[in-house]
$ cat my_file.txt   # compact mmCIF, N, CA and C atoms
# COMPACT_ATOMS: atom_id res chain seq x y z
N MET D 1 -80.53 -176.44 -244.05
CA MET D 1 -80.50 -175.03 -243.70
C MET D 1 -80.47 -174.21 -244.98
N HIS D 2 -81.23 -173.16 -245.03
CA HIS D 2 -81.30 -172.29 -246.20
C HIS D 2 -80.08 -171.38 -246.23
N GLN D 3 -79.32 -171.46 -247.29
CA GLN D 3 -78.12 -170.66 -247.41
C GLN D 3 -78.48 -169.26 -247.88
N ALA D 4 -77.94 -168.26 -247.21
CA ALA D 4 -78.22 -166.87 -247.55
C ALA D 4 -77.57 -166.52 -248.88
N GLN D 5 -78.28 -165.76 -249.67
CA GLN D 5 -77.75 -165.30 -250.94
C GLN D 5 -77.75 -163.79 -250.94
N GLU D 6 -76.85 -163.21 -251.70
CA GLU D 6 -76.88 -161.77 -251.88
C GLU D 6 -77.87 -161.49 -252.99
N CYS D 7 -78.91 -160.76 -252.67
CA CYS D 7 -79.94 -160.44 -253.64
C CYS D 7 -79.82 -159.00 -254.07
N THR D 8 -80.23 -158.73 -255.28
CA THR D 8 -80.23 -157.36 -255.77
C THR D 8 -81.57 -157.05 -256.41
N TYR D 9 -81.91 -155.79 -256.39
CA TYR D 9 -83.03 -155.28 -257.16
C TYR D 9 -82.43 -154.47 -258.28
N ASN D 10 -83.18 -154.28 -259.34
CA ASN D 10 -82.72 -153.41 -260.40
C ASN D 10 -83.47 -152.10 -260.30
N ALA D 11 -82.74 -151.02 -260.22
CA ALA D 11 -83.33 -149.69 -260.21
C ALA D 11 -83.20 -149.12 -261.62
N HIS D 12 -84.31 -148.70 -262.21
CA HIS D 12 -84.30 -148.22 -263.58
C HIS D 12 -84.03 -146.72 -263.61
N SER D 13 -83.08 -146.32 -264.42
CA SER D 13 -82.75 -144.91 -264.59
C SER D 13 -83.45 -144.40 -265.84
N VAL D 14 -84.41 -143.50 -265.67
CA VAL D 14 -85.17 -142.98 -266.81
C VAL D 14 -84.29 -142.12 -267.70
N GLU D 15 -83.43 -141.30 -267.09
CA GLU D 15 -82.61 -140.38 -267.86
C GLU D 15 -81.67 -141.10 -268.82
N LYS D 16 -81.00 -142.14 -268.36
CA LYS D 16 -80.01 -142.81 -269.18
C LYS D 16 -80.52 -144.12 -269.77
N ASP D 17 -81.77 -144.50 -269.40
CA ASP D 17 -82.37 -145.75 -269.85
C ASP D 17 -81.44 -146.93 -269.59
N THR D 18 -80.94 -147.00 -268.36
CA THR D 18 -80.07 -148.10 -267.95
C THR D 18 -80.64 -148.75 -266.71
N VAL D 19 -80.17 -149.92 -266.43
CA VAL D 19 -80.58 -150.64 -265.23
C VAL D 19 -79.37 -150.77 -264.33
N MET D 20 -79.51 -150.30 -263.09
CA MET D 20 -78.39 -150.34 -262.15
C MET D 20 -78.75 -151.28 -261.01
N PRO D 21 -77.87 -152.22 -260.68
CA PRO D 21 -78.17 -153.12 -259.57
C PRO D 21 -78.14 -152.37 -258.25
N ARG D 22 -79.04 -152.77 -257.35
CA ARG D 22 -79.06 -152.20 -256.02
C ARG D 22 -78.96 -153.34 -255.03
N ILE D 23 -77.94 -153.33 -254.22
CA ILE D 23 -77.70 -154.41 -253.28
C ILE D 23 -78.57 -154.22 -252.05
N ARG D 24 -79.19 -155.28 -251.62
CA ARG D 24 -79.99 -155.24 -250.40
C ARG D 24 -79.09 -155.12 -249.19
N HIS D 25 -79.64 -154.55 -248.14
CA HIS D 25 -78.91 -154.43 -246.88
C HIS D 25 -78.82 -155.79 -246.20
N GLU D 26 -77.72 -156.07 -245.59
CA GLU D 26 -77.59 -157.31 -244.82
C GLU D 26 -78.12 -157.12 -243.42
N ARG D 27 -78.09 -155.90 -242.90
CA ARG D 27 -78.63 -155.59 -241.59
C ARG D 27 -79.76 -154.60 -241.78
N PHE D 28 -80.76 -154.68 -240.94
CA PHE D 28 -81.93 -153.83 -241.12
C PHE D 28 -82.04 -152.73 -240.07
N ASP D 29 -80.93 -152.37 -239.43
CA ASP D 29 -80.96 -151.30 -238.45
C ASP D 29 -80.30 -150.04 -238.98
N CYS D 30 -80.12 -149.96 -240.30
CA CYS D 30 -79.37 -148.84 -240.87
C CYS D 30 -80.20 -147.57 -240.98
N SER D 31 -81.51 -147.68 -241.16
CA SER D 31 -82.37 -146.52 -241.23
C SER D 31 -83.79 -146.97 -240.94
N PRO D 32 -84.69 -146.03 -240.67
CA PRO D 32 -86.06 -146.42 -240.33
C PRO D 32 -86.75 -147.25 -241.42
N GLY D 33 -86.43 -147.06 -242.69
CA GLY D 33 -87.08 -147.79 -243.77
C GLY D 33 -86.54 -149.19 -244.00
N CYS D 34 -85.43 -149.54 -243.40
CA CYS D 34 -84.81 -150.83 -243.69
C CYS D 34 -85.65 -152.02 -243.23
N THR D 35 -86.39 -151.88 -242.16
CA THR D 35 -87.25 -153.00 -241.75
C THR D 35 -88.38 -153.21 -242.76
N VAL D 36 -88.79 -152.15 -243.43
CA VAL D 36 -89.78 -152.29 -244.50
C VAL D 36 -89.19 -153.12 -245.63
N GLU D 37 -87.96 -152.80 -246.00
CA GLU D 37 -87.27 -153.56 -247.05
C GLU D 37 -87.11 -155.02 -246.62
N GLY D 38 -86.76 -155.22 -245.36
CA GLY D 38 -86.61 -156.57 -244.85
C GLY D 38 -87.91 -157.36 -244.90
N THR D 39 -89.01 -156.70 -244.59
CA THR D 39 -90.31 -157.36 -244.64
C THR D 39 -90.69 -157.68 -246.08
N LEU D 40 -90.48 -156.72 -246.97
CA LEU D 40 -90.82 -156.93 -248.37
C LEU D 40 -90.02 -158.06 -249.00
N ARG D 41 -88.85 -158.34 -248.45
CA ARG D 41 -88.03 -159.43 -248.98
C ARG D 41 -88.79 -160.75 -248.98
N TYR D 42 -89.66 -160.91 -248.00
CA TYR D 42 -90.39 -162.17 -247.89
C TYR D 42 -91.52 -162.30 -248.90
N ILE D 43 -92.01 -161.20 -249.42
CA ILE D 43 -93.13 -161.27 -250.36
C ILE D 43 -92.80 -160.63 -251.70
N ASP D 44 -91.50 -160.46 -252.00
CA ASP D 44 -91.12 -159.74 -253.21
C ASP D 44 -91.16 -160.56 -254.49
N GLY D 45 -91.39 -161.85 -254.43
CA GLY D 45 -91.53 -162.64 -255.65
C GLY D 45 -92.82 -162.26 -256.36
N LYS D 46 -92.87 -162.44 -257.65
CA LYS D 46 -94.03 -162.01 -258.43
C LYS D 46 -95.33 -162.62 -257.92
N TRP D 47 -95.29 -163.84 -257.44
CA TRP D 47 -96.53 -164.53 -257.05
C TRP D 47 -96.62 -164.83 -255.56
N LYS D 48 -95.62 -164.50 -254.78
CA LYS D 48 -95.62 -164.88 -253.36
C LYS D 48 -96.81 -164.30 -252.60
N GLY D 49 -97.07 -163.02 -252.78
CA GLY D 49 -98.19 -162.40 -252.09
C GLY D 49 -99.51 -163.02 -252.49
N VAL D 50 -99.64 -163.37 -253.76
CA VAL D 50 -100.87 -163.99 -254.26
C VAL D 50 -101.04 -165.39 -253.67
N VAL D 51 -99.96 -166.15 -253.60
CA VAL D 51 -100.00 -167.49 -252.99
C VAL D 51 -100.41 -167.37 -251.53
N LEU D 52 -99.77 -166.47 -250.80
CA LEU D 52 -100.13 -166.28 -249.39
C LEU D 52 -101.60 -165.90 -249.25
N TYR D 53 -102.07 -165.01 -250.10
CA TYR D 53 -103.47 -164.57 -250.07
C TYR D 53 -104.42 -165.77 -250.20
N HIS D 54 -104.13 -166.65 -251.13
CA HIS D 54 -105.00 -167.82 -251.33
C HIS D 54 -104.90 -168.80 -250.17
N LEU D 55 -103.73 -168.91 -249.57
CA LEU D 55 -103.58 -169.82 -248.44
C LEU D 55 -104.24 -169.31 -247.16
N PHE D 56 -104.61 -168.03 -247.12
CA PHE D 56 -105.36 -167.53 -245.96
C PHE D 56 -106.71 -168.25 -245.85
N GLU D 57 -107.21 -168.77 -246.97
CA GLU D 57 -108.49 -169.49 -246.97
C GLU D 57 -108.35 -170.89 -246.38
N GLY D 58 -107.14 -171.42 -246.33
CA GLY D 58 -106.91 -172.76 -245.79
C GLY D 58 -105.88 -173.53 -246.59
N THR D 59 -105.69 -174.78 -246.20
CA THR D 59 -104.73 -175.67 -246.84
C THR D 59 -105.13 -175.95 -248.28
N LEU D 60 -104.15 -175.90 -249.19
CA LEU D 60 -104.41 -176.16 -250.60
C LEU D 60 -103.35 -177.09 -251.17
N ARG D 61 -103.77 -177.90 -252.14
CA ARG D 61 -102.83 -178.73 -252.87
C ARG D 61 -102.23 -177.90 -254.01
N PHE D 62 -101.11 -178.40 -254.55
CA PHE D 62 -100.39 -177.66 -255.59
C PHE D 62 -101.31 -177.26 -256.73
N ASN D 63 -102.06 -178.20 -257.28
CA ASN D 63 -102.90 -177.89 -258.44
C ASN D 63 -104.06 -176.97 -258.09
N GLU D 64 -104.49 -176.97 -256.83
CA GLU D 64 -105.52 -176.01 -256.42
C GLU D 64 -104.95 -174.59 -256.45
N ILE D 65 -103.72 -174.45 -256.00
CA ILE D 65 -103.07 -173.13 -256.05
C ILE D 65 -102.88 -172.73 -257.51
N ARG D 66 -102.42 -173.67 -258.30
CA ARG D 66 -102.16 -173.39 -259.71
C ARG D 66 -103.42 -172.95 -260.45
N ARG D 67 -104.55 -173.57 -260.16
CA ARG D 67 -105.81 -173.18 -260.80
C ARG D 67 -106.23 -171.76 -260.39
N ARG D 68 -105.88 -171.37 -259.18
CA ARG D 68 -106.24 -170.03 -258.70
C ARG D 68 -105.32 -168.94 -259.27
N ILE D 69 -104.17 -169.35 -259.78
CA ILE D 69 -103.21 -168.40 -260.35
C ILE D 69 -102.85 -168.89 -261.76
N PRO D 70 -103.78 -168.79 -262.72
CA PRO D 70 -103.56 -169.40 -264.04
C PRO D 70 -102.40 -168.79 -264.84
N ASN D 71 -102.02 -167.55 -264.56
CA ASN D 71 -100.93 -166.93 -265.31
C ASN D 71 -99.55 -167.29 -264.78
N CYS D 72 -99.48 -168.04 -263.70
CA CYS D 72 -98.21 -168.46 -263.10
C CYS D 72 -97.85 -169.84 -263.64
N THR D 73 -96.67 -169.97 -264.21
CA THR D 73 -96.26 -171.27 -264.74
C THR D 73 -96.00 -172.26 -263.60
N GLN D 74 -96.01 -173.52 -263.92
CA GLN D 74 -95.75 -174.56 -262.93
C GLN D 74 -94.36 -174.38 -262.31
N ARG D 75 -93.39 -174.08 -263.14
CA ARG D 75 -92.02 -173.89 -262.64
C ARG D 75 -91.93 -172.69 -261.70
N MET D 76 -92.54 -171.58 -262.09
CA MET D 76 -92.51 -170.38 -261.26
C MET D 76 -93.23 -170.62 -259.93
N LEU D 77 -94.37 -171.29 -259.98
CA LEU D 77 -95.11 -171.57 -258.76
C LEU D 77 -94.28 -172.46 -257.83
N THR D 78 -93.65 -173.47 -258.40
CA THR D 78 -92.79 -174.36 -257.60
C THR D 78 -91.68 -173.56 -256.92
N ASN D 79 -91.04 -172.66 -257.67
CA ASN D 79 -89.96 -171.84 -257.10
C ASN D 79 -90.47 -170.93 -255.99
N GLN D 80 -91.61 -170.30 -256.22
CA GLN D 80 -92.17 -169.39 -255.22
C GLN D 80 -92.56 -170.16 -253.95
N LEU D 81 -93.13 -171.34 -254.11
CA LEU D 81 -93.50 -172.17 -252.96
C LEU D 81 -92.25 -172.60 -252.18
N ARG D 82 -91.21 -172.96 -252.89
CA ARG D 82 -89.96 -173.35 -252.22
C ARG D 82 -89.38 -172.20 -251.41
N GLU D 83 -89.39 -171.01 -251.98
CA GLU D 83 -88.87 -169.84 -251.27
C GLU D 83 -89.72 -169.51 -250.04
N LEU D 84 -91.03 -169.59 -250.19
CA LEU D 84 -91.91 -169.34 -249.04
C LEU D 84 -91.70 -170.38 -247.95
N GLU D 85 -91.45 -171.62 -248.35
CA GLU D 85 -91.18 -172.67 -247.38
C GLU D 85 -89.82 -172.43 -246.70
N ALA D 86 -88.82 -172.05 -247.48
CA ALA D 86 -87.49 -171.78 -246.92
C ALA D 86 -87.53 -170.62 -245.93
N ASP D 87 -88.43 -169.67 -246.16
CA ASP D 87 -88.58 -168.52 -245.27
C ASP D 87 -89.54 -168.82 -244.10
N ARG D 88 -89.98 -170.07 -244.02
CA ARG D 88 -90.86 -170.54 -242.95
C ARG D 88 -92.21 -169.81 -242.91
N LEU D 89 -92.69 -169.41 -244.10
CA LEU D 89 -94.00 -168.77 -244.19
C LEU D 89 -95.10 -169.78 -244.50
N ILE D 90 -94.72 -170.86 -245.17
CA ILE D 90 -95.67 -171.94 -245.46
C ILE D 90 -95.06 -173.27 -245.06
N ALA D 91 -95.94 -174.23 -244.84
CA ALA D 91 -95.52 -175.60 -244.53
C ALA D 91 -95.96 -176.50 -245.68
N ARG D 92 -95.11 -177.43 -246.02
CA ARG D 92 -95.37 -178.39 -247.11
C ARG D 92 -95.50 -179.76 -246.47
N LYS D 93 -96.63 -180.42 -246.72
CA LYS D 93 -96.85 -181.75 -246.17
C LYS D 93 -97.01 -182.73 -247.33
N VAL D 94 -96.15 -183.75 -247.35
CA VAL D 94 -96.17 -184.76 -248.41
C VAL D 94 -96.75 -186.04 -247.84
N TYR D 95 -97.74 -186.59 -248.53
CA TYR D 95 -98.36 -187.85 -248.12
C TYR D 95 -97.75 -188.99 -248.94
N ALA D 96 -97.51 -190.10 -248.31
CA ALA D 96 -96.94 -191.27 -248.99
C ALA D 96 -98.04 -192.00 -249.75
N GLU D 97 -98.40 -191.44 -250.88
CA GLU D 97 -99.44 -192.01 -251.73
C GLU D 97 -98.95 -192.03 -253.18
N VAL D 98 -99.66 -192.80 -254.00
CA VAL D 98 -99.40 -192.78 -255.43
C VAL D 98 -100.73 -192.46 -256.09
N PRO D 99 -100.81 -191.36 -256.85
CA PRO D 99 -99.79 -190.34 -257.08
C PRO D 99 -99.53 -189.54 -255.80
N PRO D 100 -98.38 -188.90 -255.72
CA PRO D 100 -98.04 -188.15 -254.52
C PRO D 100 -99.05 -187.04 -254.24
N LYS D 101 -99.33 -186.85 -252.98
CA LYS D 101 -100.24 -185.78 -252.55
C LYS D 101 -99.42 -184.82 -251.70
N VAL D 102 -99.43 -183.55 -252.10
CA VAL D 102 -98.68 -182.52 -251.38
C VAL D 102 -99.64 -181.39 -251.05
N GLU D 103 -99.63 -180.99 -249.79
CA GLU D 103 -100.48 -179.89 -249.34
C GLU D 103 -99.63 -178.75 -248.80
N TYR D 104 -100.12 -177.54 -249.01
CA TYR D 104 -99.44 -176.35 -248.51
C TYR D 104 -100.37 -175.61 -247.57
N SER D 105 -99.81 -175.15 -246.47
CA SER D 105 -100.58 -174.37 -245.52
C SER D 105 -99.69 -173.29 -244.92
N LEU D 106 -100.31 -172.31 -244.30
CA LEU D 106 -99.56 -171.23 -243.68
C LEU D 106 -99.01 -171.68 -242.33
N THR D 107 -97.82 -171.24 -242.03
CA THR D 107 -97.28 -171.40 -240.68
C THR D 107 -97.80 -170.21 -239.87
N PRO D 108 -97.64 -170.23 -238.55
CA PRO D 108 -98.03 -169.05 -237.78
C PRO D 108 -97.31 -167.78 -238.26
N ARG D 109 -96.06 -167.93 -238.67
CA ARG D 109 -95.30 -166.79 -239.20
C ARG D 109 -95.94 -166.27 -240.49
N GLY D 110 -96.35 -167.18 -241.37
CA GLY D 110 -97.03 -166.78 -242.60
C GLY D 110 -98.38 -166.16 -242.32
N ARG D 111 -99.10 -166.73 -241.38
CA ARG D 111 -100.42 -166.19 -241.00
C ARG D 111 -100.28 -164.77 -240.46
N SER D 112 -99.13 -164.47 -239.83
CA SER D 112 -98.93 -163.12 -239.28
C SER D 112 -98.86 -162.06 -240.37
N LEU D 113 -98.66 -162.47 -241.63
CA LEU D 113 -98.65 -161.52 -242.75
C LEU D 113 -100.05 -161.20 -243.26
N GLU D 114 -101.06 -161.85 -242.72
CA GLU D 114 -102.43 -161.64 -243.23
C GLU D 114 -102.85 -160.17 -243.22
N PRO D 115 -102.64 -159.42 -242.14
CA PRO D 115 -103.05 -158.01 -242.20
C PRO D 115 -102.27 -157.21 -243.25
N VAL D 116 -101.03 -157.58 -243.50
CA VAL D 116 -100.21 -156.88 -244.50
C VAL D 116 -100.76 -157.16 -245.90
N ILE D 117 -100.99 -158.43 -246.21
CA ILE D 117 -101.49 -158.81 -247.53
C ILE D 117 -102.91 -158.27 -247.73
N THR D 118 -103.73 -158.32 -246.70
CA THR D 118 -105.09 -157.80 -246.78
C THR D 118 -105.07 -156.29 -247.04
N ALA D 119 -104.15 -155.58 -246.39
CA ALA D 119 -104.01 -154.14 -246.62
C ALA D 119 -103.56 -153.87 -248.06
N LEU D 120 -102.65 -154.68 -248.58
CA LEU D 120 -102.21 -154.53 -249.98
C LEU D 120 -103.38 -154.74 -250.93
N LYS D 121 -104.21 -155.73 -250.65
CA LYS D 121 -105.37 -155.99 -251.50
C LYS D 121 -106.35 -154.82 -251.44
N ALA D 122 -106.61 -154.31 -250.25
CA ALA D 122 -107.54 -153.18 -250.10
C ALA D 122 -107.01 -151.96 -250.86
N TRP D 123 -105.70 -151.71 -250.76
CA TRP D 123 -105.12 -150.58 -251.48
C TRP D 123 -105.24 -150.81 -252.98
N GLY D 124 -104.97 -152.03 -253.44
CA GLY D 124 -105.09 -152.35 -254.86
C GLY D 124 -106.52 -152.21 -255.36
N ASP D 125 -107.49 -152.67 -254.57
CA ASP D 125 -108.90 -152.52 -254.95
C ASP D 125 -109.26 -151.05 -255.15
N ALA D 126 -108.69 -150.18 -254.33
CA ALA D 126 -109.00 -148.76 -254.41
C ALA D 126 -108.18 -148.00 -255.45
N ASN D 127 -107.00 -148.51 -255.81
CA ASN D 127 -106.08 -147.72 -256.62
C ASN D 127 -105.58 -148.34 -257.91
N VAL D 128 -105.76 -149.62 -258.10
CA VAL D 128 -105.22 -150.28 -259.29
C VAL D 128 -106.36 -150.65 -260.23
N MET D 129 -106.24 -150.18 -261.46
CA MET D 129 -107.24 -150.53 -262.47
C MET D 129 -106.67 -151.63 -263.35
N LEU D 130 -107.47 -152.66 -263.58
CA LEU D 130 -107.06 -153.78 -264.42
C LEU D 130 -107.99 -153.90 -265.61
N GLY D 131 -107.52 -154.58 -266.64
CA GLY D 131 -108.36 -154.86 -267.80
C GLY D 131 -108.67 -153.64 -268.64
N PRO D 132 -109.88 -153.62 -269.26
CA PRO D 132 -110.24 -152.52 -270.18
C PRO D 132 -110.24 -151.15 -269.51
N GLN D 133 -110.56 -151.11 -268.21
CA GLN D 133 -110.60 -149.82 -267.50
C GLN D 133 -109.21 -149.19 -267.48
N ALA D 134 -108.17 -149.99 -267.32
CA ALA D 134 -106.80 -149.46 -267.29
C ALA D 134 -106.41 -148.90 -268.64
N SER D 135 -106.81 -149.57 -269.71
CA SER D 135 -106.50 -149.09 -271.07
C SER D 135 -107.18 -147.76 -271.35
N GLN D 136 -108.44 -147.63 -270.91
CA GLN D 136 -109.18 -146.40 -271.13
C GLN D 136 -108.61 -145.25 -270.31
N ALA D 137 -108.17 -145.54 -269.09
CA ALA D 137 -107.61 -144.50 -268.22
C ALA D 137 -106.28 -144.00 -268.76
N ALA D 138 -105.51 -144.89 -269.40
CA ALA D 138 -104.20 -144.51 -269.94
C ALA D 138 -104.32 -143.65 -271.18
N ALA D 139 -105.45 -143.78 -271.87
CA ALA D 139 -105.63 -143.04 -273.15
C ALA D 139 -105.96 -141.59 -272.92

$ encode --input "my_file.txt" --output "structure tokens"
Amino acid sequence: MHQAQECTYNAHSVEKDTVMPRIRHERFDCSPGCTVEGTLRYIDGKWKGVVLYHLFEGTLRFNEIRRRIPNCTQRMLTNQLRELEADRLIARKVYAEVPPKVEYSLTPRGRSLEPVITALKAWGDANVMLGPQASQAAA
């Protein structure tokens, strides 16, 4: 069983240039926005949304995921996959082979996030500039 942890976000204060911890809500009925926070909890890791996005295409082995996300370290990817599995968004299947073969796929719960992740990608395509274009826009 996955043990619940108290998680915090850091809220940055521009005026004082300090970082203040912000405790997540334990219940999500406190205000209309709390269910949004609760949903984001499942995809708030740096690479979780990207992993889910790639798994929408189908079952992938660890190294296939790693090749699709070259900036993610092996350790970070392992941690993100474990968290997604603990949240029942992905399933991990281990085959009794040498070398070991491990496959990751979406659970129905993970698949239900497809419209959310797809909407995030569409918004990013329209609003986020990457690479040289971002540098030029900032200048």

$ axis_aligned_box --input "my_file.txt" --around "region 119-124 of chain D" --padding-each-side "5 Å" --output "AutoDock Vina command-line options"
--center_x -104.9 --center_y -153.3 --center_z -250.9 --size_x 15.3 --size_y 15.4 --size_z 19.0

$ closest_residue --input "my_file.txt" --among "D:Ser112, D:Gln74, D:Asn127, D:Thr107" --to "Ile90 (chain D)" --atoms "all atoms listed in the file"
D:Thr107

$ closest_atom_pairs --input "my_file.txt" --of "region 100-119 of chain D" --to "region 52-56 of chain D" --cutoff "9 Å" --atoms "only C-alpha atoms" --output "tab-separated table"
residue	atom	partner	partner_atom	distance
D:Tyr104	CA	D:Leu55	CA	7.7
D:Ser105	CA	D:Leu55	CA	6.2
D:Leu106	CA	D:Leu55	CA	6.4
D:Gly110	CA	D:Leu52	CA	7.5
D:Arg111	CA	D:Phe56	CA	7.1
D:Leu113	CA	D:Leu52	CA	8.3
D:Glu114	CA	D:Phe56	CA	7.1
D:Ile117	CA	D:Tyr53	CA	6.6
D:Thr118	CA	D:Tyr53	CA	7.7

$ atom_distance --input "my_file.txt" --atom1 "CA of Arg61 (chain D)" --atom2 "atom C of Glu103 (chain D)"
5.2 Å

$ closest_residue --input "my_file.txt" --among "D:Leu40, D:Leu120, D:Ala91, D:Val128" --to "Gly58 (chain D)" --atoms "only C-alpha atoms"
D:Ala91

$ atom_distance --input "my_file.txt" --atom1 "atom C of Tyr95 (chain D)" --atom2 "atom C of Gln80 (chain D)"
20.2 Å

$ select_by_dssp --input "my_file.txt" --residues "region 47-93 of chain D" --states "strand (DSSP E or B)" --output "list of chain:residue names"
D:Leu60, D:Arg61, D:Ile90, D:Ala91, D:Arg92, D:Lys93

$ atom_distance --input "my_file.txt" --atom1 "CA of Trp47 (chain D)" --atom2 "atom N of Val102 (chain D)"
19.9 Å

$ decode --input "my_file.txt" --residues "region 98-110 of chain D" --atoms "N, CA, C and O atoms" --output "compact mmCIF listing (two decimals), in the first residue's frame"
# COMPACT_ATOMS: atom_id res chain seq x y z
N VAL D 98 16.04 -13.14 -18.94
CA VAL D 98 17.36 -12.59 -18.71
C VAL D 98 17.85 -12.07 -20.05
O VAL D 98 17.92 -12.83 -21.01
N PRO D 99 18.15 -10.78 -20.17
CA PRO D 99 17.99 -9.72 -19.17
C PRO D 99 16.50 -9.44 -18.91
O PRO D 99 15.65 -9.76 -19.75
N PRO D 100 16.20 -8.85 -17.78
CA PRO D 100 14.80 -8.59 -17.43
C PRO D 100 14.13 -7.69 -18.46
O PRO D 100 14.73 -6.76 -18.98
N LYS D 101 12.89 -7.99 -18.73
CA LYS D 101 12.09 -7.18 -19.65
C LYS D 101 10.95 -6.58 -18.83
O LYS D 101 10.20 -7.30 -18.17
N VAL D 102 10.84 -5.25 -18.87
CA VAL D 102 9.80 -4.55 -18.14
C VAL D 102 9.06 -3.65 -19.12
O VAL D 102 9.68 -2.91 -19.88
N GLU D 103 7.74 -3.74 -19.09
CA GLU D 103 6.92 -2.90 -19.96
C GLU D 103 5.99 -2.03 -19.12
O GLU D 103 5.54 -2.44 -18.06
N TYR D 104 5.74 -0.84 -19.64
CA TYR D 104 4.84 0.10 -18.98
C TYR D 104 3.69 0.41 -19.91
O TYR D 104 3.88 0.61 -21.11
N SER D 105 2.49 0.45 -19.34
CA SER D 105 1.31 0.80 -20.11
C SER D 105 0.37 1.60 -19.23
O SER D 105 0.50 1.61 -18.01
N LEU D 106 -0.58 2.27 -19.87
CA LEU D 106 -1.55 3.05 -19.12
C LEU D 106 -2.63 2.15 -18.55
O LEU D 106 -3.06 1.20 -19.18
N THR D 107 -3.07 2.48 -17.37
CA THR D 107 -4.26 1.84 -16.80
C THR D 107 -5.46 2.63 -17.33
O THR D 107 -5.29 3.72 -17.90
N PRO D 108 -6.67 2.13 -17.15
CA PRO D 108 -7.83 2.92 -17.55
C PRO D 108 -7.85 4.30 -16.87
O PRO D 108 -8.21 5.31 -17.48
N ARG D 109 -7.40 4.34 -15.62
CA ARG D 109 -7.33 5.62 -14.89
C ARG D 109 -6.33 6.56 -15.56
O ARG D 109 -6.59 7.75 -15.72
N GLY D 110 -5.18 6.03 -15.96
CA GLY D 110 -4.19 6.84 -16.67
C GLY D 110 -4.69 7.28 -18.03
O GLY D 110 -4.49 8.43 -18.44
